[in-house]
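**Student:** Once you've had a glance at the structure underneath, I'll fire off some questions.
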Amino acid sequence: MSRTIILLFHRNIAKSSANRALRDRAAMIPNVEVVDVQSLYSDGVIDMFTDAGAEAQRLLSADRIVLQFPVQWYSTPALLKSWQDSVLTRMFYIFAEEEGDRLTGTPLMIAATAGNISGAYGLGGANRFTIEEIFTPLRATAHRCGLPWHEPYVVFTADKLDEAGLVEAAEGYANAIETFIAATPSASEQEAE
Ligand SMILES: Cc1cc2nc3c(=O)[nH]c(=O)nc-3n(C[C@H](O)[C@H](O)[C@H](O)COP(=O)(O)O)c2cc1C
């Protein structure tokens, strides 16, 4: 049985509509665990030696990882940057042999919500760059850490969706996660085939 961990980075999930709908739907998928990182580190500080040790073990227990967040200023929420600075620095620079090397090979998927329309993202659009280009730093990080990159799931006009739109976005997310799981069988599942 493989294990998928979704790390959710949202400053205030109680006030969210899109990420909350995605979270609630994803949590219904068997063997998928959603972790609200903001609720664990409400001050935004993730200590590299204490907190990040637990976060490293969490990652190492997963067969695949999803990073879920709202796009903010063409980037990630600050907490996701803090998480990278603490958890990934610890795992890949301080304890590379004990931790980082063991995480290498774990597939990674980005799930993001964006307020703008999809047409705004791209050459000629208001935002000039495609959403894939905006994810470049995350993709570079995944490459550096040896985490195979899976096609991202993106919800546009995320802050303007009505109830039906939220259900559609959430169902799309469930499909994307199930596709991710099917495309990335765990080592034991591969052996069983
Ligand atoms: C500080 C801030 C910056 C934002 N920057 C962007 C942005 O660069 N591009 C964009 O499409 N939406 C941007 N938005 C809109 C959010 O992405 C959108 O409100 C969010 O994805 C909705 O999800 P939620 O209902 O879970 O909060 C921004 C929102 C905030 C609060």
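Just so we're on the same page: first chain in the structure tokens is A, next is B, and so on; residues restart at 1 for each chain, and ligands are numbered from 1 in the order they show up.
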What does the list of residues within 6 Å of ligand 1 look like if you count only C-alpha atoms and all ligand atoms, written as a list in words?
**Tutor:** Ser16, Ser17, Ala18, Asn19, Arg20, Pro70, Val71, Gln72, Trp73, Tyr74, Thr113, Ala114, Gly115, Asn116, Ala158 and Asp159 of chain A
**Student:** Export N, CA and C atoms of the chosen residues as a PDB file, in the first residue's frame?
**Tutor:**
```pdb
ATOM      1  N   SER A  16      -9.984  30.239   3.305  1.00  0.00           N
ATOM      2  CA  SER A  16      -9.773  29.818   1.915  1.00  0.00           C
ATOM      3  C   SER A  16     -11.053  29.222   1.359  1.00  0.00           C
ATOM      4  N   SER A  17     -11.261  29.379   0.058  1.00  0.00           N
ATOM      5  CA  SER A  17     -12.328  28.577  -0.563  1.00  0.00           C
ATOM      6  C   SER A  17     -11.699  27.513  -1.447  1.00  0.00           C
ATOM      7  N   ALA A  18     -10.778  27.899  -2.332  1.00  0.00           N
ATOM      8  CA  ALA A  18     -10.234  26.930  -3.293  1.00  0.00           C
ATOM      9  C   ALA A  18      -9.378  25.858  -2.617  1.00  0.00           C
ATOM     10  N   ASN A  19      -8.386  26.281  -1.855  1.00  0.00           N
ATOM     11  CA  ASN A  19      -7.496  25.276  -1.248  1.00  0.00           C
ATOM     12  C   ASN A  19      -8.233  24.398  -0.240  1.00  0.00           C
ATOM     13  N   ARG A  20      -9.236  24.962   0.386  1.00  0.00           N
ATOM     14  CA  ARG A  20     -10.025  24.168   1.340  1.00  0.00           C
ATOM     15  C   ARG A  20     -10.809  23.087   0.590  1.00  0.00           C
ATOM     16  N   PRO A  70      -1.514  28.447  -2.718  1.00  0.00           N
ATOM     17  CA  PRO A  70      -1.984  29.496  -3.627  1.00  0.00           C
ATOM     18  C   PRO A  70      -0.785  30.264  -4.181  1.00  0.00           C
ATOM     19  N   VAL A  71      -0.829  30.592  -5.459  1.00  0.00           N
ATOM     20  CA  VAL A  71       0.216  31.427  -6.062  1.00  0.00           C
ATOM     21  C   VAL A  71       0.113  32.824  -5.458  1.00  0.00           C
ATOM     22  N   GLN A  72       1.237  33.340  -4.986  1.00  0.00           N
ATOM     23  CA  GLN A  72       1.258  34.693  -4.412  1.00  0.00           C
ATOM     24  C   GLN A  72       2.451  35.452  -4.981  1.00  0.00           C
ATOM     25  N   TRP A  73       2.136  36.528  -5.674  1.00  0.00           N
ATOM     26  CA  TRP A  73       3.175  37.319  -6.330  1.00  0.00           C
ATOM     27  C   TRP A  73       4.100  36.443  -7.172  1.00  0.00           C
ATOM     28  N   TYR A  74       3.451  35.622  -8.002  1.00  0.00           N
ATOM     29  CA  TYR A  74       4.169  34.789  -8.986  1.00  0.00           C
ATOM     30  C   TYR A  74       5.143  33.849  -8.303  1.00  0.00           C
ATOM     31  N   THR A 113      -3.199  27.055  -6.794  1.00  0.00           N
ATOM     32  CA  THR A 113      -4.369  27.831  -7.183  1.00  0.00           C
ATOM     33  C   THR A 113      -3.894  29.242  -7.522  1.00  0.00           C
ATOM     34  N   ALA A 114      -4.495  29.821  -8.543  1.00  0.00           N
ATOM     35  CA  ALA A 114      -4.101  31.169  -8.981  1.00  0.00           C
ATOM     36  C   ALA A 114      -5.360  31.981  -9.206  1.00  0.00           C
ATOM     37  N   GLY A 115      -5.311  33.255  -8.825  1.00  0.00           N
ATOM     38  CA  GLY A 115      -6.491  34.100  -8.963  1.00  0.00           C
ATOM     39  C   GLY A 115      -6.771  34.496 -10.404  1.00  0.00           C
ATOM     40  N   ASN A 116      -5.741  34.595 -11.200  1.00  0.00           N
ATOM     41  CA  ASN A 116      -5.930  35.109 -12.560  1.00  0.00           C
ATOM     42  C   ASN A 116      -6.454  34.027 -13.505  1.00  0.00           C
ATOM     43  N   ALA A 158      -9.139  31.036  -9.101  1.00  0.00           N
ATOM     44  CA  ALA A 158      -9.451  30.239  -7.909  1.00  0.00           C
ATOM     45  C   ALA A 158     -10.252  31.009  -6.876  1.00  0.00           C
ATOM     46  N   ASP A 159     -10.098  32.331  -6.847  1.00  0.00           N
ATOM     47  CA  ASP A 159     -10.822  33.101  -5.828  1.00  0.00           C
ATOM     48  C   ASP A 159     -12.179  33.592  -6.343  1.00  0.00           C
TER      49      ASP A 159
END
```
**Student:** I'd like the neighbourhood of range 36-47 of chain A as an mmCIF file with C-alpha atoms, in the first residue's frame, where a residue qualifies if any of its atoms comes within 8 Å (using only C-alpha atoms), though same-chain residues fewer than 3 positions away should be ignored.
**Tutor:**
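Ended up saving to part-v2.cif:
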```cif
data_model
loop_
_atom_site.group_PDB
_atom_site.id
_atom_site.type_symbol
_atom_site.label_atom_id
_atom_site.label_comp_id
_atom_site.auth_asym_id
_atom_site.auth_seq_id
_atom_site.Cartn_x
_atom_site.Cartn_y
_atom_site.Cartn_z
ATOM 1 C CA LEU A 7 1.818 19.393 2.287
ATOM 2 C CA LEU A 8 -0.604 22.308 2.248
ATOM 3 C CA PHE A 9 0.798 25.833 2.570
ATOM 4 C CA HIS A 10 -1.992 28.366 3.072
ATOM 5 C CA ARG A 11 -1.834 31.278 5.461
ATOM 6 C CA ASN A 12 -5.423 30.915 6.620
ATOM 7 C CA THR A 50 14.134 20.207 15.766
ATOM 8 C CA ASP A 51 11.101 20.838 13.541
ATOM 9 C CA ALA A 52 12.853 19.929 10.317
ATOM 10 C CA ALA A 78 6.483 32.525 2.449
ATOM 11 C CA LEU A 79 5.936 29.411 4.568
ATOM 12 C CA SER A 82 10.755 28.640 4.936
ATOM 13 C CA TRP A 83 10.009 24.939 4.623
ATOM 14 C CA SER A 86 14.851 24.501 6.703
ATOM 15 C CA VAL A 87 13.737 21.039 5.651
#
```
**Student:** What does the distance between CA of Leu161 in chain A and CA of Ala112 in chain A come to in Å, to one decimal place?
**Tutor:** 14.6 Å
**Student:** Using DSSP secondary structure from the backbone, list all alpha helix (DSSP H) positions within chain A, as JSON, numbers by chain.
**Tutor:** {"A": [18, 19, 20, 21, 22, 23, 24, 25, 26, 37, 38, 39, 40, 51, 52, 53, 54, 55, 56, 57, 58, 59, 60, 78, 79, 80, 81, 82, 83, 89, 101, 102, 103, 131, 132, 133, 134, 136, 137, 138, 139, 140, 141, 142, 143, 144, 145, 163, 164, 165, 166, 167, 168, 169, 170, 171, 172, 173, 174, 175, 176, 177, 178, 179, 180, 181, 182, 183, 187, 188, 189, 190, 191, 192]}
**Student:** Which one of A:Ala14, A:Ile110, A:Leu138, A:Ala26 sits closest to Asn175 in chain A if you count only C-alpha atoms?
**Tutor:** A:Ala26
**Student:** What separation in Å, quoted to one decimal, exists between CA of Thr76 in chain A and CA of Glu97 in chain A?
**Tutor:** 28.1 Å
**Student:** Restricting the calculation to only C-alpha atoms, which member of A:Leu59, A:Ala126, A:Val66, A:Met48 is positioned closest to Thr89 in chain A?
**Tutor:**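 With only C-alpha atoms as the atom set, the closest residue is A:Met48.
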**Student:** Closest to Tyr93 in chain A among A:Cys145, A:Leu123, A:Ala187, A:Met109, using only C-alpha atoms?
**Tutor:** A:Cys145
**Student:** Could you check how far CA of Leu60 in chain A sits from CA of Ala21 in chain A, in Å to one decimal?
**Tutor:**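 Here the two named atoms are 26.8 Å from each other.
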**Student:** Counting only C-alpha atoms, which of A:Arg102, A:Gln84, A:Arg25, A:Glu163 gets nearest to Ala62 in chain A?
**Tutor:**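 Among the listed residues, the smallest separation from Ala62 in chain A belongs to A:Arg102.
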**Student:** Hey, which of A:Ile29, A:Ile65, A:Ile94, A:Leu166 ends up closest to Thr106 in chain A? Count only C-alpha atoms.
**Tutor:** A:Ile65
